[in-house]
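*Asks:* Can you read through this structure? Questions will come right after.
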Amino acid sequence: MPVSWLLFAATKNHRDLFATPGFAFGDFDLLTNLRRVLTFDDGIYLRWFGNSILYSVIGSAASTLICVATGYAFDKYEFKGREKLFGLVLGGVLVPSTVIQLPMYLLATKAGIVNTYWALLLPALVNPFGVYLARVFSEGYVPNEVLEAARVDGASELRLFSRISLPMLAPGFMTIFLFSFTASWNNFFGALVMLNDDHLYPVNLGLFMWNSVTQQQPEYYSLVITGSLVAVVPLIVAFVCLQRFWRSGLTAGAVK
């Protein structure tokens, strides 16, 4: 219902937005609204949108690779304290991200990366739930017999992972990437704490700043609504394009 309302509202001009019912069309001004959003304040929305793509795609890809490598190591290698260390990783799943934002901000201040791209990219690399999923996928998709055969043929451990195991883990990789991408795209509080420069804002924080002045400047309402509709599109595209990996990944380990 909220998304449906957003679709209707984004097609209306400022007068019809308040003069017509929420689930009814007014004068069709979607293209005009889009043009205003993309050109307002020298195209600052495009900058925010690009920042969100950077944070979500680059950060999620790096985080997913780390998660897959870590989960693979927990599954395929025996080392002292493995299960205890994995339990510690699982403990991280129980900690809400908002709880650690202040400690992370203090650490970022000490490191001198507050109000930079690194302030959001580096924390995104840590994903305990992704490590857990990666271990499950590794158990279900990578047979130990295949690895042993490759070792007999002289393959190194790095080659085993990059050329044999990683292709087998493609459904798991895409599933973890999709979860990471969604979390990163929706990461509002982390950006609010870490960033002060509006040129570094992700799109959700930028829209929040626009929405905060709508009481004084009502013309911002149409900008916020249309901008919110555009901001939903990458998530829809990601789910549509990656759904075959996601659906196959959900059944990992269901049948032995």
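Naming works like this for the structure tokens: A, B, ... for the chains as they're shown, residue 1 at the start of each chain, ligands 1 onward in shown order.
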Which residues are near segment 121-134 of chain A? Cut-off 9 Å, only C-alpha atoms, ignore same chain within fewer than 3 positions. Put them as a PyMOL selection string.

*Replies:* chain A and resi 54-56+58-64+66-72+74-75+86+89-93+104+117-118+137-139+169+172-173+175-177+179-180+184

*Asks:* What would the file look like if the residues just selected were written as a short mmCIF file (atom, residue, chain, number, x, y, z; two decimals), in the first residue's frame with N, CA, C and O atoms?

*Replies:*
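Contents of again-v6.cif, as written:
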data_model
loop_
_atom_site.label_atom_id
_atom_site.label_comp_id
_atom_site.auth_asym_id
_atom_site.auth_seq_id
_atom_site.Cartn_x
_atom_site.Cartn_y
_atom_site.Cartn_z
N LEU A 54 27.73 3.44 -5.04
CA LEU A 54 29.10 3.16 -4.60
C LEU A 54 29.11 2.39 -3.29
O LEU A 54 29.77 1.34 -3.17
N TYR A 55 28.38 2.90 -2.29
CA TYR A 55 28.36 2.24 -0.99
C TYR A 55 27.80 0.83 -1.09
O TYR A 55 28.31 -0.10 -0.46
N SER A 56 26.74 0.67 -1.87
CA SER A 56 26.03 -0.60 -1.90
C SER A 56 26.72 -1.64 -2.77
O SER A 56 26.84 -2.80 -2.36
N ILE A 58 30.01 -1.56 -4.33
CA ILE A 58 31.41 -1.83 -3.97
C ILE A 58 31.52 -2.44 -2.58
O ILE A 58 32.19 -3.45 -2.36
N GLY A 59 30.84 -1.82 -1.61
CA GLY A 59 30.89 -2.32 -0.24
C GLY A 59 30.32 -3.72 -0.12
O GLY A 59 30.89 -4.58 0.56
N SER A 60 29.20 -3.97 -0.78
CA SER A 60 28.56 -5.28 -0.68
C SER A 60 29.37 -6.36 -1.39
O SER A 60 29.45 -7.50 -0.91
N ALA A 61 29.96 -6.03 -2.53
CA ALA A 61 30.78 -7.01 -3.24
C ALA A 61 31.99 -7.42 -2.41
O ALA A 61 32.31 -8.61 -2.29
N ALA A 62 32.67 -6.42 -1.82
CA ALA A 62 33.84 -6.73 -0.98
C ALA A 62 33.42 -7.51 0.26
O ALA A 62 34.07 -8.48 0.65
N SER A 63 32.32 -7.09 0.89
CA SER A 63 31.83 -7.78 2.08
C SER A 63 31.45 -9.22 1.76
O SER A 63 31.76 -10.14 2.53
N THR A 64 30.79 -9.43 0.63
CA THR A 64 30.36 -10.78 0.26
C THR A 64 31.55 -11.69 0.00
O THR A 64 31.56 -12.86 0.41
N ILE A 66 34.52 -11.45 1.33
CA ILE A 66 35.11 -11.76 2.63
C ILE A 66 34.26 -12.80 3.37
O ILE A 66 34.79 -13.76 3.96
N CYS A 67 32.94 -12.64 3.32
CA CYS A 67 32.05 -13.58 4.00
C CYS A 67 32.17 -14.98 3.41
O CYS A 67 32.24 -15.98 4.15
N VAL A 68 32.19 -15.07 2.08
CA VAL A 68 32.27 -16.38 1.42
C VAL A 68 33.60 -17.05 1.75
O VAL A 68 33.66 -18.25 2.05
N ALA A 69 34.69 -16.28 1.69
CA ALA A 69 36.00 -16.86 2.01
C ALA A 69 36.06 -17.32 3.46
O ALA A 69 36.60 -18.39 3.78
N THR A 70 35.49 -16.52 4.37
CA THR A 70 35.51 -16.87 5.79
C THR A 70 34.64 -18.08 6.08
O THR A 70 35.05 -19.01 6.80
N GLY A 71 33.43 -18.10 5.53
CA GLY A 71 32.55 -19.25 5.74
C GLY A 71 33.12 -20.52 5.14
O GLY A 71 33.00 -21.60 5.74
N TYR A 72 33.77 -20.40 3.99
CA TYR A 72 34.44 -21.54 3.36
C TYR A 72 35.55 -22.07 4.26
O TYR A 72 35.71 -23.28 4.43
N PHE A 74 35.81 -21.76 7.55
CA PHE A 74 35.22 -22.39 8.73
C PHE A 74 34.71 -23.79 8.40
O PHE A 74 34.74 -24.68 9.26
N ASP A 75 34.24 -23.99 7.19
CA ASP A 75 33.68 -25.29 6.82
C ASP A 75 34.75 -26.31 6.43
O ASP A 75 34.69 -27.47 6.86
N PHE A 86 33.85 -19.49 15.61
CA PHE A 86 32.60 -19.37 14.85
C PHE A 86 31.45 -18.95 15.75
O PHE A 86 30.58 -18.18 15.36
N VAL A 89 31.64 -15.32 16.14
CA VAL A 89 31.08 -14.65 14.96
C VAL A 89 29.56 -14.64 15.02
O VAL A 89 28.92 -13.62 14.74
N LEU A 90 28.97 -15.76 15.41
CA LEU A 90 27.51 -15.82 15.53
C LEU A 90 27.00 -14.85 16.59
O LEU A 90 25.89 -14.33 16.48
N GLY A 91 27.81 -14.63 17.62
CA GLY A 91 27.41 -13.65 18.64
C GLY A 91 27.23 -12.27 18.05
O GLY A 91 26.40 -11.47 18.53
N GLY A 92 28.00 -11.97 16.99
CA GLY A 92 27.85 -10.68 16.34
C GLY A 92 26.50 -10.50 15.67
O GLY A 92 26.05 -9.36 15.47
N VAL A 93 25.85 -11.62 15.30
CA VAL A 93 24.53 -11.53 14.69
C VAL A 93 23.51 -10.97 15.68
O VAL A 93 22.54 -10.32 15.29
N MET A 104 31.65 2.75 16.77
CA MET A 104 32.22 2.83 15.44
C MET A 104 32.57 4.27 15.07
O MET A 104 33.58 4.53 14.41
N TYR A 117 34.19 8.64 2.36
CA TYR A 117 33.55 7.42 1.85
C TYR A 117 33.91 6.20 2.69
O TYR A 117 33.11 5.29 2.86
N TRP A 118 35.14 6.18 3.22
CA TRP A 118 35.59 5.03 3.99
C TRP A 118 34.77 4.83 5.26
O TRP A 118 34.71 3.73 5.80
N PHE A 137 26.21 -22.52 2.93
CA PHE A 137 26.31 -22.76 1.49
C PHE A 137 27.51 -23.65 1.16
O PHE A 137 27.43 -24.51 0.28
N SER A 138 28.62 -23.43 1.84
CA SER A 138 29.81 -24.23 1.59
C SER A 138 29.56 -25.70 1.93
O SER A 138 29.99 -26.60 1.19
N GLU A 139 28.86 -25.95 3.02
CA GLU A 139 28.54 -27.32 3.39
C GLU A 139 27.63 -27.99 2.36
O GLU A 139 27.74 -29.19 2.10
N LEU A 169 29.96 -21.86 -5.37
CA LEU A 169 29.27 -21.05 -4.36
C LEU A 169 28.56 -19.85 -4.97
O LEU A 169 28.15 -18.95 -4.22
N GLY A 172 25.20 -18.96 -3.42
CA GLY A 172 25.40 -18.38 -2.09
C GLY A 172 25.98 -17.00 -2.15
O GLY A 172 25.58 -16.09 -1.41
N PHE A 173 26.94 -16.78 -3.07
CA PHE A 173 27.55 -15.46 -3.22
C PHE A 173 26.49 -14.43 -3.58
O PHE A 173 26.44 -13.34 -2.99
N THR A 175 23.24 -14.61 -3.15
CA THR A 175 22.26 -14.44 -2.08
C THR A 175 22.80 -13.52 -0.99
O THR A 175 22.11 -12.59 -0.53
N ILE A 176 24.03 -13.76 -0.56
CA ILE A 176 24.64 -12.90 0.46
C ILE A 176 24.81 -11.48 -0.07
O ILE A 176 24.58 -10.49 0.64
N PHE A 177 25.21 -11.36 -1.35
CA PHE A 177 25.34 -10.04 -1.95
C PHE A 177 24.01 -9.29 -1.94
O PHE A 177 23.96 -8.10 -1.65
N PHE A 179 21.44 -9.65 0.13
CA PHE A 179 21.14 -9.21 1.49
C PHE A 179 22.02 -8.02 1.89
O PHE A 179 21.54 -7.05 2.50
N SER A 180 23.30 -8.09 1.54
CA SER A 180 24.22 -7.00 1.88
C SER A 180 23.86 -5.74 1.13
O SER A 180 23.91 -4.63 1.68
N SER A 184 22.85 -2.27 2.89
CA SER A 184 23.67 -1.10 2.64
C SER A 184 22.85 0.02 2.02
O SER A 184 23.01 1.20 2.38
#

*Asks:* Can you pull out every residue within 8 Å of segment 229-236 of chain A, counting only C-alpha atoms, but drop anything in the same chain fewer than 4 positions away, and send it as a PyMOL selection string?

*Replies:* chain A and resi 6-7+10+49+182+203-204+225+240

*Asks:* Could you dump the residues just selected with N, CA, C and O atoms as an mmCIF file, in the first residue's frame?

*Replies:*
data_model
loop_
_atom_site.group_PDB
_atom_site.id
_atom_site.type_symbol
_atom_site.label_atom_id
_atom_site.label_comp_id
_atom_site.auth_asym_id
_atom_site.auth_seq_id
_atom_site.Cartn_x
_atom_site.Cartn_y
_atom_site.Cartn_z
ATOM 1 N N LEU A 6 2.899 5.773 -3.191
ATOM 2 C CA LEU A 6 4.057 6.505 -3.706
ATOM 3 C C LEU A 6 3.994 6.624 -5.216
ATOM 4 O O LEU A 6 4.310 7.680 -5.783
ATOM 5 N N LEU A 7 3.572 5.554 -5.883
ATOM 6 C CA LEU A 7 3.472 5.570 -7.335
ATOM 7 C C LEU A 7 2.418 6.575 -7.799
ATOM 8 O O LEU A 7 2.647 7.328 -8.752
ATOM 9 N N ALA A 10 3.691 10.284 -7.016
ATOM 10 C CA ALA A 10 4.804 10.778 -7.830
ATOM 11 C C ALA A 10 4.348 11.304 -9.181
ATOM 12 O O ALA A 10 5.091 12.039 -9.843
ATOM 13 N N PHE A 49 22.495 9.567 -5.404
ATOM 14 C CA PHE A 49 22.195 8.273 -5.995
ATOM 15 C C PHE A 49 23.489 7.530 -6.344
ATOM 16 O O PHE A 49 23.627 6.334 -6.086
ATOM 17 N N THR A 182 20.909 -4.824 -0.003
ATOM 18 C CA THR A 182 19.690 -4.242 0.563
ATOM 19 C C THR A 182 19.985 -3.519 1.873
ATOM 20 O O THR A 182 19.503 -2.407 2.107
ATOM 21 N N VAL A 203 21.377 8.308 -0.885
ATOM 22 C CA VAL A 203 20.115 8.896 -1.307
ATOM 23 C C VAL A 203 19.088 8.945 -0.178
ATOM 24 O O VAL A 203 18.305 9.899 -0.081
ATOM 25 N N ASN A 204 19.084 7.940 0.715
ATOM 26 C CA ASN A 204 18.074 7.955 1.784
ATOM 27 C C ASN A 204 18.310 9.095 2.772
ATOM 28 O O ASN A 204 17.371 9.724 3.244
ATOM 29 N N ILE A 225 8.871 12.800 -2.594
ATOM 30 C CA ILE A 225 8.059 11.671 -3.052
ATOM 31 C C ILE A 225 8.631 11.067 -4.333
ATOM 32 O O ILE A 225 8.822 9.841 -4.442
ATOM 33 N N VAL A 240 14.916 -8.609 -9.053
ATOM 34 C CA VAL A 240 14.459 -9.246 -10.291
ATOM 35 C C VAL A 240 15.621 -9.950 -10.990
ATOM 36 O O VAL A 240 15.493 -11.088 -11.464
#

*Asks:* Check the DSSP output for the backbone and give back, as number ranges by chain, the residues of segment 4-205 of chain A in alpha helix (DSSP H).

*Replies:* A: 4-10, 14-19, 30-39, 44-53, 59-76, 82-93, 101-111, 118-121, 128-141, 144-152, 157-159, 166-168, 170-185, 189-194, 203-205

*Asks:* Find the distance between atom CA of Val37 of chain A and atom CA of Val114 of chain A and write it in Å to one decimal.

*Replies:*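 For atom CA of Val37 of chain A relative to atom CA of Val114 of chain A, the distance reads 28.0 Å.
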
*Asks:* Residues near Phe189 of chain A, anyone? I mean within 10 Å using only C-alpha atoms, not counting same-chain ones fewer than 5 positions away, as a CSV table (one decimal) with N, CA and C atoms, in the first residue's frame.

*Replies:*
chain,number,residue,atom,x,y,z
A,97,SER,N,22.8,-3.3,14.8
A,97,SER,CA,23.8,-2.4,14.3
A,97,SER,C,23.7,-1.0,14.9
A,98,THR,N,22.6,-0.6,15.4
A,98,THR,CA,22.4,0.8,16.0
A,98,THR,C,23.2,0.8,17.3
A,101,GLN,N,26.9,1.8,16.6
A,101,GLN,CA,27.2,3.0,15.8
A,101,GLN,C,28.1,4.0,16.6
A,194,MET,N,27.9,9.2,10.6
A,194,MET,CA,29.3,9.4,10.1
A,194,MET,C,29.5,10.6,9.1
A,204,ASN,N,19.1,7.9,0.7
A,204,ASN,CA,18.1,8.0,1.8
A,204,ASN,C,18.3,9.1,2.8
A,205,LEU,N,19.6,9.4,3.1
A,205,LEU,CA,19.9,10.5,4.0
A,205,LEU,C,19.6,11.8,3.3

*Asks:* Compile the contact shell of Leu178 of chain A as JSON, numbers by chain: residues with an atom at most 9 Å away, counting only C-alpha atoms, same-chain residues fewer than 5 positions apart removed.

*Replies:* {"A": [60, 173, 183, 238, 239, 242, 246]}

*Asks:* Work out how far apart atom CA of Leu207 of chain A and atom CA of Thr116 of chain A are and give it in Å to one decimal.

*Replies:*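 Value for the atom CA of Leu207 of chain A-atom CA of Thr116 of chain A distance: 19.3 Å.
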
*Asks:* Excluding same-chain residues fewer than 5 positions from segment 40-46 of chain A, what lies within 10 Å of it counting only C-alpha atoms, as a list in words?

*Replies:* Leu34, Arg35, Asn51, Ser52, Asp198, His199, Tyr201, Pro202, Val203, Gly206, Leu207, Leu223 and Gly227 of chain A

*Asks:* Using only all heavy atoms, please write the residues we just selected to a file, as a short mmCIF file (atom, residue, chain, number, x, y, z; two decimals), in the first residue's frame.

*Replies:*
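For reference, part23.cif as written:
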data_model
loop_
_atom_site.label_atom_id
_atom_site.label_comp_id
_atom_site.auth_asym_id
_atom_site.auth_seq_id
_atom_site.Cartn_x
_atom_site.Cartn_y
_atom_site.Cartn_z
N LEU A 34 10.24 14.18 -12.25
CA LEU A 34 11.55 13.55 -12.40
C LEU A 34 12.61 14.57 -12.81
O LEU A 34 13.74 14.56 -12.31
CB LEU A 34 11.48 12.42 -13.42
CG LEU A 34 10.77 11.14 -12.99
CD1 LEU A 34 10.62 10.19 -14.17
CD2 LEU A 34 11.52 10.46 -11.84
N ARG A 35 12.24 15.44 -13.74
CA ARG A 35 13.19 16.45 -14.20
C ARG A 35 13.57 17.38 -13.05
O ARG A 35 14.74 17.75 -12.90
CB ARG A 35 12.58 17.25 -15.36
CG ARG A 35 13.57 18.18 -16.06
CD ARG A 35 12.92 18.96 -17.19
NE ARG A 35 12.26 18.07 -18.14
CZ ARG A 35 10.94 17.96 -18.29
NH1 ARG A 35 10.13 18.69 -17.53
NH2 ARG A 35 10.42 17.14 -19.16
N ASN A 51 26.37 7.99 -4.89
CA ASN A 51 26.98 7.58 -3.63
C ASN A 51 26.37 6.28 -3.11
O ASN A 51 27.09 5.40 -2.63
CB ASN A 51 26.82 8.68 -2.58
CG ASN A 51 27.66 9.91 -2.88
OD1 ASN A 51 28.64 9.85 -3.62
ND2 ASN A 51 27.28 11.04 -2.31
N SER A 52 25.05 6.16 -3.21
CA SER A 52 24.40 4.94 -2.75
C SER A 52 24.83 3.74 -3.57
O SER A 52 25.04 2.64 -3.04
CB SER A 52 22.87 5.10 -2.84
OG SER A 52 22.39 5.96 -1.83
N ASP A 198 27.05 17.09 2.60
CA ASP A 198 25.90 16.61 1.82
C ASP A 198 26.32 15.99 0.49
O ASP A 198 25.54 15.25 -0.12
CB ASP A 198 24.88 17.72 1.60
CG ASP A 198 25.43 18.91 0.84
OD1 ASP A 198 26.66 18.95 0.59
OD2 ASP A 198 24.66 19.81 0.49
N HIS A 199 27.52 16.26 0.01
CA HIS A 199 27.98 15.64 -1.22
C HIS A 199 28.37 14.17 -1.02
O HIS A 199 28.60 13.46 -2.00
CB HIS A 199 29.17 16.42 -1.80
CG HIS A 199 28.78 17.73 -2.41
ND1 HIS A 199 28.60 18.88 -1.67
CD2 HIS A 199 28.51 18.07 -3.69
CE1 HIS A 199 28.25 19.87 -2.46
NE2 HIS A 199 28.19 19.42 -3.70
N TYR A 201 26.39 12.20 1.06
CA TYR A 201 25.18 11.53 1.52
C TYR A 201 24.76 10.42 0.57
O TYR A 201 24.84 10.57 -0.65
CB TYR A 201 24.01 12.51 1.63
CG TYR A 201 24.08 13.49 2.76
CD1 TYR A 201 23.15 14.53 2.85
CD2 TYR A 201 25.05 13.40 3.76
CE1 TYR A 201 23.19 15.43 3.90
CE2 TYR A 201 25.09 14.31 4.80
CZ TYR A 201 24.16 15.33 4.87
OH TYR A 201 24.20 16.23 5.89
N PRO A 202 24.26 9.30 1.10
CA PRO A 202 23.50 8.36 0.26
C PRO A 202 22.11 8.93 0.01
O PRO A 202 21.69 9.90 0.65
CB PRO A 202 23.45 7.09 1.12
CG PRO A 202 23.52 7.59 2.52
CD PRO A 202 24.40 8.82 2.48
N VAL A 203 21.38 8.31 -0.88
CA VAL A 203 20.12 8.90 -1.31
C VAL A 203 19.09 8.94 -0.18
O VAL A 203 18.30 9.90 -0.08
CB VAL A 203 19.56 8.13 -2.53
CG1 VAL A 203 19.17 6.70 -2.17
CG2 VAL A 203 18.41 8.87 -3.16
N GLY A 206 19.86 11.93 2.02
CA GLY A 206 19.54 13.16 1.29
C GLY A 206 18.05 13.43 1.27
O GLY A 206 17.60 14.57 1.48
N LEU A 207 17.25 12.38 1.05
CA LEU A 207 15.80 12.55 1.06
C LEU A 207 15.30 12.95 2.44
O LEU A 207 14.35 13.74 2.57
CB LEU A 207 15.13 11.26 0.61
CG LEU A 207 15.29 10.90 -0.87
CD1 LEU A 207 14.75 9.50 -1.14
CD2 LEU A 207 14.58 11.92 -1.76
N LEU A 223 9.48 16.69 -4.42
CA LEU A 223 10.85 16.22 -4.60
C LEU A 223 11.11 14.97 -3.78
O LEU A 223 11.71 13.99 -4.26
CB LEU A 223 11.83 17.32 -4.19
CG LEU A 223 11.88 18.60 -5.04
CD1 LEU A 223 12.81 19.62 -4.40
CD2 LEU A 223 12.34 18.28 -6.46
N GLY A 227 11.67 11.45 -5.54
CA GLY A 227 12.99 10.91 -5.23
C GLY A 227 12.92 9.57 -4.53
O GLY A 227 13.74 8.67 -4.79
#
